[in-house]
>>> print(open('structure22.txt').read())   # compact mmCIF, N, CA and C atoms and all ligand atoms
# COMPACT_ATOMS: atom_id res chain seq x y z
N MET A 17 -44.35 1.80 18.12
CA MET A 17 -43.66 0.91 17.19
C MET A 17 -43.26 -0.37 17.94
N ASN A 18 -43.66 -1.51 17.38
CA ASN A 18 -43.33 -2.75 18.09
C ASN A 18 -41.92 -3.25 17.72
N ARG A 19 -41.53 -4.29 18.45
CA ARG A 19 -40.17 -4.80 18.32
C ARG A 19 -39.86 -5.30 16.91
N ARG A 20 -40.86 -5.89 16.29
CA ARG A 20 -40.68 -6.44 14.94
C ARG A 20 -40.40 -5.31 13.93
N SER A 21 -41.11 -4.21 14.07
CA SER A 21 -40.91 -3.06 13.18
C SER A 21 -39.52 -2.47 13.35
N VAL A 22 -39.09 -2.38 14.61
CA VAL A 22 -37.75 -1.84 14.88
C VAL A 22 -36.68 -2.73 14.24
N THR A 23 -36.85 -4.03 14.40
CA THR A 23 -35.89 -4.97 13.82
C THR A 23 -35.86 -4.84 12.30
N PHE A 24 -37.05 -4.70 11.71
CA PHE A 24 -37.13 -4.56 10.26
C PHE A 24 -36.43 -3.28 9.81
N LEU A 25 -36.69 -2.18 10.51
CA LEU A 25 -36.08 -0.89 10.12
C LEU A 25 -34.57 -0.93 10.27
N LEU A 26 -34.08 -1.56 11.35
CA LEU A 26 -32.63 -1.67 11.54
C LEU A 26 -32.00 -2.53 10.45
N SER A 27 -32.68 -3.59 10.08
CA SER A 27 -32.17 -4.46 9.01
C SER A 27 -32.14 -3.70 7.69
N LEU A 28 -33.18 -2.92 7.44
CA LEU A 28 -33.24 -2.14 6.21
C LEU A 28 -32.11 -1.11 6.17
N LEU A 29 -31.87 -0.46 7.31
CA LEU A 29 -30.80 0.53 7.40
C LEU A 29 -29.44 -0.12 7.13
N ALA A 30 -29.21 -1.28 7.73
CA ALA A 30 -27.95 -1.99 7.54
C ALA A 30 -27.78 -2.37 6.07
N PHE A 31 -28.85 -2.79 5.43
CA PHE A 31 -28.79 -3.18 4.02
C PHE A 31 -28.46 -1.97 3.14
N VAL A 32 -29.09 -0.85 3.42
CA VAL A 32 -28.84 0.37 2.63
C VAL A 32 -27.38 0.82 2.80
N MET A 33 -26.87 0.75 4.04
CA MET A 33 -25.49 1.15 4.28
C MET A 33 -24.52 0.22 3.54
N LEU A 34 -24.81 -1.06 3.56
CA LEU A 34 -23.96 -2.04 2.87
C LEU A 34 -23.98 -1.80 1.37
N LEU A 35 -25.15 -1.52 0.84
CA LEU A 35 -25.31 -1.25 -0.59
C LEU A 35 -24.55 0.01 -0.99
N SER A 36 -24.63 1.02 -0.15
CA SER A 36 -23.94 2.28 -0.41
C SER A 36 -22.43 2.08 -0.45
N PHE A 37 -21.93 1.28 0.51
CA PHE A 37 -20.49 1.00 0.57
C PHE A 37 -20.05 0.25 -0.68
N ALA A 38 -20.84 -0.75 -1.06
CA ALA A 38 -20.49 -1.56 -2.24
C ALA A 38 -20.47 -0.70 -3.50
N CYS A 39 -21.46 0.18 -3.63
CA CYS A 39 -21.52 1.05 -4.81
C CYS A 39 -20.31 1.97 -4.86
N LYS A 40 -19.90 2.49 -3.70
CA LYS A 40 -18.76 3.40 -3.66
C LYS A 40 -17.49 2.68 -4.09
N GLN A 41 -17.35 1.43 -3.65
CA GLN A 41 -16.18 0.65 -4.01
C GLN A 41 -16.16 0.39 -5.51
N LEU A 42 -17.35 0.10 -6.06
CA LEU A 42 -17.43 -0.25 -7.47
C LEU A 42 -17.36 0.95 -8.39
N THR A 43 -17.89 2.07 -7.94
CA THR A 43 -17.95 3.25 -8.81
C THR A 43 -17.11 4.38 -8.24
N GLY A 44 -16.06 4.01 -7.49
CA GLY A 44 -15.24 5.02 -6.83
C GLY A 44 -14.68 6.05 -7.79
N THR A 45 -14.34 7.18 -7.23
CA THR A 45 -13.83 8.28 -8.02
C THR A 45 -12.54 7.87 -8.73
N GLU A 46 -12.43 8.23 -9.98
CA GLU A 46 -11.18 7.99 -10.69
C GLU A 46 -10.31 9.22 -10.55
N TYR A 47 -9.05 8.99 -10.28
CA TYR A 47 -8.11 10.10 -10.13
C TYR A 47 -7.22 10.19 -11.36
N TYR A 48 -6.85 11.43 -11.67
CA TYR A 48 -5.97 11.68 -12.82
C TYR A 48 -4.89 12.65 -12.39
N ILE A 49 -3.83 12.71 -13.18
CA ILE A 49 -2.72 13.61 -12.87
C ILE A 49 -2.65 14.70 -13.93
N ASP A 50 -2.65 15.93 -13.48
CA ASP A 50 -2.56 17.07 -14.38
C ASP A 50 -1.10 17.25 -14.80
N PRO A 51 -0.76 16.98 -16.07
CA PRO A 51 0.63 17.05 -16.50
C PRO A 51 1.22 18.46 -16.38
N LEU A 52 0.37 19.46 -16.38
CA LEU A 52 0.88 20.84 -16.27
C LEU A 52 1.30 21.17 -14.83
N SER A 53 0.70 20.49 -13.87
CA SER A 53 1.04 20.74 -12.46
C SER A 53 2.09 19.76 -11.93
N CYS A 54 2.19 18.61 -12.56
CA CYS A 54 3.12 17.57 -12.08
C CYS A 54 4.56 17.93 -12.42
N ASN A 55 5.44 17.82 -11.40
CA ASN A 55 6.86 18.08 -11.64
C ASN A 55 7.67 16.79 -11.69
N GLY A 56 6.96 15.65 -11.65
CA GLY A 56 7.65 14.36 -11.76
C GLY A 56 8.45 13.96 -10.55
N CYS A 57 8.10 14.48 -9.38
CA CYS A 57 8.88 14.20 -8.16
C CYS A 57 8.82 12.73 -7.74
N GLY A 58 7.74 12.03 -8.13
CA GLY A 58 7.63 10.60 -7.83
C GLY A 58 7.09 10.27 -6.45
N GLU A 59 6.69 11.27 -5.68
CA GLU A 59 6.15 10.99 -4.34
C GLU A 59 4.91 10.09 -4.43
N CYS A 60 4.06 10.35 -5.40
CA CYS A 60 2.83 9.55 -5.54
C CYS A 60 3.17 8.11 -5.90
N ILE A 61 4.21 7.92 -6.71
CA ILE A 61 4.61 6.57 -7.12
C ILE A 61 5.12 5.80 -5.91
N ARG A 62 5.87 6.51 -5.06
CA ARG A 62 6.43 5.85 -3.86
C ARG A 62 5.33 5.46 -2.87
N ILE A 63 4.31 6.30 -2.75
CA ILE A 63 3.31 6.05 -1.70
C ILE A 63 2.17 5.12 -2.15
N CYS A 64 1.94 5.01 -3.42
CA CYS A 64 0.78 4.23 -3.90
C CYS A 64 0.89 2.76 -3.44
N PRO A 65 -0.08 2.28 -2.69
CA PRO A 65 -0.02 0.91 -2.17
C PRO A 65 -0.25 -0.16 -3.24
N ASN A 66 -0.71 0.25 -4.42
CA ASN A 66 -1.04 -0.73 -5.46
C ASN A 66 -0.16 -0.63 -6.70
N ASP A 67 0.91 0.12 -6.62
CA ASP A 67 1.78 0.33 -7.78
C ASP A 67 0.97 0.76 -9.00
N ALA A 68 0.00 1.63 -8.77
CA ALA A 68 -0.90 2.04 -9.85
C ALA A 68 -0.39 3.27 -10.60
N ILE A 69 0.70 3.88 -10.12
CA ILE A 69 1.19 5.08 -10.79
C ILE A 69 2.55 4.78 -11.43
N TYR A 70 2.71 5.25 -12.63
CA TYR A 70 3.93 4.95 -13.37
C TYR A 70 4.30 6.17 -14.23
N TYR A 71 5.51 6.18 -14.72
CA TYR A 71 5.92 7.21 -15.67
C TYR A 71 5.66 6.70 -17.09
N ASN A 72 5.06 7.53 -17.91
CA ASN A 72 4.88 7.12 -19.31
C ASN A 72 6.17 7.40 -20.11
N GLN A 73 6.14 7.17 -21.41
CA GLN A 73 7.36 7.34 -22.22
C GLN A 73 7.92 8.75 -22.17
N ASN A 74 7.04 9.71 -21.86
CA ASN A 74 7.49 11.10 -21.79
C ASN A 74 7.92 11.52 -20.38
N GLY A 75 7.98 10.52 -19.49
CA GLY A 75 8.41 10.83 -18.13
C GLY A 75 7.33 11.50 -17.29
N GLU A 76 6.08 11.39 -17.74
CA GLU A 76 4.97 11.99 -16.99
C GLU A 76 4.29 10.92 -16.14
N ALA A 77 3.94 11.29 -14.91
CA ALA A 77 3.26 10.35 -14.02
C ALA A 77 1.83 10.13 -14.51
N ARG A 78 1.42 8.86 -14.50
CA ARG A 78 0.07 8.50 -14.94
C ARG A 78 -0.50 7.46 -13.98
N ILE A 79 -1.83 7.41 -13.89
CA ILE A 79 -2.48 6.44 -13.01
C ILE A 79 -3.10 5.32 -13.85
N ASP A 80 -2.76 4.10 -13.48
CA ASP A 80 -3.37 2.92 -14.13
C ASP A 80 -4.70 2.66 -13.42
N GLN A 81 -5.79 2.99 -14.11
CA GLN A 81 -7.12 2.88 -13.49
C GLN A 81 -7.50 1.44 -13.15
N THR A 82 -6.83 0.48 -13.81
CA THR A 82 -7.16 -0.92 -13.51
C THR A 82 -6.57 -1.37 -12.18
N LYS A 83 -5.55 -0.64 -11.69
CA LYS A 83 -4.93 -1.01 -10.41
C LYS A 83 -5.37 -0.11 -9.26
N CYS A 84 -5.84 1.08 -9.59
CA CYS A 84 -6.17 2.07 -8.55
C CYS A 84 -7.40 1.65 -7.75
N THR A 85 -7.29 1.76 -6.44
CA THR A 85 -8.42 1.43 -5.55
C THR A 85 -9.01 2.68 -4.90
N HIS A 86 -8.63 3.86 -5.41
CA HIS A 86 -9.24 5.13 -5.00
C HIS A 86 -8.99 5.47 -3.53
N CYS A 87 -7.81 5.10 -3.04
CA CYS A 87 -7.51 5.38 -1.63
C CYS A 87 -7.19 6.84 -1.39
N ALA A 88 -6.81 7.56 -2.44
CA ALA A 88 -6.52 9.00 -2.38
C ALA A 88 -5.22 9.36 -1.67
N GLU A 89 -4.35 8.38 -1.43
CA GLU A 89 -3.07 8.70 -0.79
C GLU A 89 -2.21 9.57 -1.70
N CYS A 90 -2.31 9.34 -3.00
CA CYS A 90 -1.53 10.16 -3.93
C CYS A 90 -2.02 11.60 -3.93
N VAL A 91 -3.31 11.79 -3.74
CA VAL A 91 -3.88 13.14 -3.68
C VAL A 91 -3.28 13.88 -2.49
N ALA A 92 -3.22 13.17 -1.37
CA ALA A 92 -2.74 13.80 -0.13
C ALA A 92 -1.25 14.11 -0.19
N VAL A 93 -0.47 13.26 -0.85
CA VAL A 93 0.98 13.43 -0.80
C VAL A 93 1.52 14.40 -1.86
N CYS A 94 0.79 14.62 -2.91
CA CYS A 94 1.31 15.45 -4.01
C CYS A 94 1.56 16.89 -3.56
N PRO A 95 2.78 17.36 -3.70
CA PRO A 95 3.10 18.72 -3.26
C PRO A 95 2.54 19.81 -4.18
N ASN A 96 2.13 19.40 -5.38
CA ASN A 96 1.64 20.40 -6.34
C ASN A 96 0.13 20.31 -6.60
N ASN A 97 -0.55 19.52 -5.82
CA ASN A 97 -1.98 19.31 -6.03
C ASN A 97 -2.27 18.92 -7.49
N ALA A 98 -1.41 18.07 -8.01
CA ALA A 98 -1.54 17.69 -9.43
C ALA A 98 -2.51 16.53 -9.63
N VAL A 99 -2.86 15.82 -8.55
CA VAL A 99 -3.77 14.69 -8.68
C VAL A 99 -5.18 15.18 -8.39
N TYR A 100 -6.06 14.92 -9.32
CA TYR A 100 -7.44 15.40 -9.14
C TYR A 100 -8.44 14.30 -9.46
S1 LIG A 201 3.46 13.60 -6.37
FE1 LIG A 201 2.42 15.09 -7.70
S2 LIG A 201 4.10 16.29 -8.61
FE2 LIG A 201 5.00 14.41 -7.78
S3 LIG A 201 5.02 12.93 -9.51
FE3 LIG A 201 3.12 12.61 -8.35
S4 LIG A 201 1.59 13.88 -9.39
FE4 LIG A 201 3.60 14.61 -10.05
S1 LIG A 202 -5.76 6.69 -5.31
FE1 LIG A 202 -4.50 5.25 -4.11
S2 LIG A 202 -4.41 3.38 -5.36
FE2 LIG A 202 -5.11 5.04 -6.70
S3 LIG A 202 -3.26 5.81 -7.67
FE3 LIG A 202 -3.62 7.08 -5.85
S4 LIG A 202 -2.41 6.11 -4.21
FE4 LIG A 202 -2.61 4.63 -5.88
>>> encode(input="structure22.txt", output="structure tokens", more="lines below")
Ligand code: SF4
Ligand code: SF4
Amino acid sequence: MNRRSVTFLLSLLAFVMLLSFACKQLTGTEYYIDPLSCNGCGECIRICPNDAIYYNQNGEARIDQTKCTHCAECVAVCPNNAVY
């Protein structure tokens, strides 16, 4: 394999990795809160870096999908595994 082929393959690999990252950011997993498991402790609301979690009129924690960046910090902090 000559130098030109190696350069081409490395460039192709970098492009595929970049594309994969971009797709993940754009189509990232959406998280939801199971109201049956949530006890309303508010830990997820405190930790969310984007203020994407709020209490609805019934006092249940909900995720605003327009603000969520899929960092999964709320998943990690929830003591009841209510975020899925
Ligand atoms: S951390 Fe879990 S139990 Fe607490 S409010 Fe958030 S989703 Fe509910
Ligand atoms: S995944 Fe991250 S940004 Fe989205 S609601 Fe949870 S803590 Fe907030």
>>> residues_near_ligand(input="structure22.txt", ligand="ligand LIG 201 (chain A)", cutoff="6.5 Å", atoms="all atoms listed in the file", output="list in words")
Ile49, Asp50, Ser53, Cys54, Asn55, Gly56, Cys57, Gly58, Glu59, Cys60, Ile61, Ala77, Cys90, Val93, Cys94, Pro95, Asn96, Asn97, Ala98 and Val99 of chain A
>>> residues_around(input="structure22.txt", residues="Ala68 of chain A", least_positions_apart="2", cutoff="9 Å", atoms="only C-alpha atoms", output="ChimeraX atom specification")
/A:61,64-66,70,78-85
>>> write_last_selection(input="structure22.txt", atoms="N, CA and C atoms", output="tab-separated table (two decimals), in the frame of the given file")
chain	number	residue	atom	x	y	z
A	61	ILE	N	4.21	7.92	-6.71
A	61	ILE	CA	4.61	6.57	-7.12
A	61	ILE	C	5.12	5.80	-5.91
A	64	CYS	N	1.94	5.01	-3.42
A	64	CYS	CA	0.78	4.23	-3.90
A	64	CYS	C	0.89	2.76	-3.44
A	65	PRO	N	-0.08	2.28	-2.69
A	65	PRO	CA	-0.02	0.91	-2.17
A	65	PRO	C	-0.25	-0.16	-3.24
A	66	ASN	N	-0.71	0.25	-4.42
A	66	ASN	CA	-1.04	-0.73	-5.46
A	66	ASN	C	-0.16	-0.63	-6.70
A	70	TYR	N	2.71	5.25	-12.63
A	70	TYR	CA	3.93	4.95	-13.37
A	70	TYR	C	4.30	6.17	-14.23
A	78	ARG	N	1.42	8.86	-14.50
A	78	ARG	CA	0.07	8.50	-14.94
A	78	ARG	C	-0.50	7.46	-13.98
A	79	ILE	N	-1.83	7.41	-13.89
A	79	ILE	CA	-2.48	6.44	-13.01
A	79	ILE	C	-3.10	5.32	-13.85
A	80	ASP	N	-2.76	4.10	-13.48
A	80	ASP	CA	-3.37	2.92	-14.13
A	80	ASP	C	-4.70	2.66	-13.42
A	81	GLN	N	-5.79	2.99	-14.11
A	81	GLN	CA	-7.12	2.88	-13.49
A	81	GLN	C	-7.50	1.44	-13.15
A	82	THR	N	-6.83	0.48	-13.81
A	82	THR	CA	-7.16	-0.92	-13.51
A	82	THR	C	-6.57	-1.37	-12.18
A	83	LYS	N	-5.55	-0.64	-11.69
A	83	LYS	CA	-4.93	-1.01	-10.41
A	83	LYS	C	-5.37	-0.11	-9.26
A	84	CYS	N	-5.84	1.08	-9.59
A	84	CYS	CA	-6.17	2.07	-8.55
A	84	CYS	C	-7.40	1.65	-7.75
A	85	THR	N	-7.29	1.76	-6.44
A	85	THR	CA	-8.42	1.43	-5.55
A	85	THR	C	-9.01	2.68	-4.90
>>> atom_distance(input="structure22.txt", atom1="atom CA of Ala88 of chain A", atom2="atom N of Leu52 of chain A")
18.8 Å
>>> atom_distance(input="structure22.txt", atom1="atom FE4 of ligand LIG 202 (chain A)", atom2="atom C of Ile63 of chain A")
6.1 Å
>>> select_by_dssp(input="structure22.txt", residues="segment 47-83 of chain A", states="helix (DSSP H, G or I)", output="PyMOL selection string")
chain A and resi 59-63
>>> write_last_selection(input="structure22.txt", atoms="N, CA and C atoms", output="compact mmCIF listing (two decimals), in the frame of the given file")
# COMPACT_ATOMS: atom_id res chain seq x y z
N GLU A 59 6.69 11.27 -5.68
CA GLU A 59 6.15 10.99 -4.34
C GLU A 59 4.91 10.09 -4.43
N CYS A 60 4.06 10.35 -5.40
CA CYS A 60 2.83 9.55 -5.54
C CYS A 60 3.17 8.11 -5.90
N ILE A 61 4.21 7.92 -6.71
CA ILE A 61 4.61 6.57 -7.12
C ILE A 61 5.12 5.80 -5.91
N ARG A 62 5.87 6.51 -5.06
CA ARG A 62 6.43 5.85 -3.86
C ARG A 62 5.33 5.46 -2.87
N ILE A 63 4.31 6.30 -2.75
CA ILE A 63 3.31 6.05 -1.70
C ILE A 63 2.17 5.12 -2.15
>>> axis_aligned_box(input="structure22.txt", around="segment 18-21 of chain A", padding_each_side="5 Å", output="JSON")
{"center_x": -41.6, "center_y": -4.0, "center_z": 15.8, "size_x": 14.1, "size_y": 14.9, "size_z": 15.3}
>>> atom_distance(input="structure22.txt", atom1="atom N of Thr45 of chain A", atom2="atom CA of Asp67 of chain A")
17.5 Å
>>> closest_residue(input="structure22.txt", among="A:Arg19, A:Tyr47, A:Tyr100, A:Leu26", to="ligand LIG 202 (chain A)", atoms="only C-alpha atoms and all ligand atoms")
A:Tyr47
>>> select_by_dssp(input="structure22.txt", residues="chain A", states="strand (DSSP E)", output="PyMOL selection string")
chain A and resi 69-71+77-79
>>> closest_residue(input="structure22.txt", among="A:Phe31, A:Glu76, A:Cys87, A:Asn18", to="Pro51 of chain A", atoms="only C-alpha atoms")
A:Glu76
>>> closest_residue(input="structure22.txt", among="A:Val22, A:Asn74, A:Gly44, A:Leu28", to="ligand LIG 202 (chain A)", atoms="only C-alpha atoms and all ligand atoms")
A:Gly44
>>> closest_residue(input="structure22.txt", among="A:Glu89, A:Ala30, A:Arg62, A:Phe24", to="ligand LIG 202 (chain A)", atoms="only C-alpha atoms and all ligand atoms")
A:Glu89
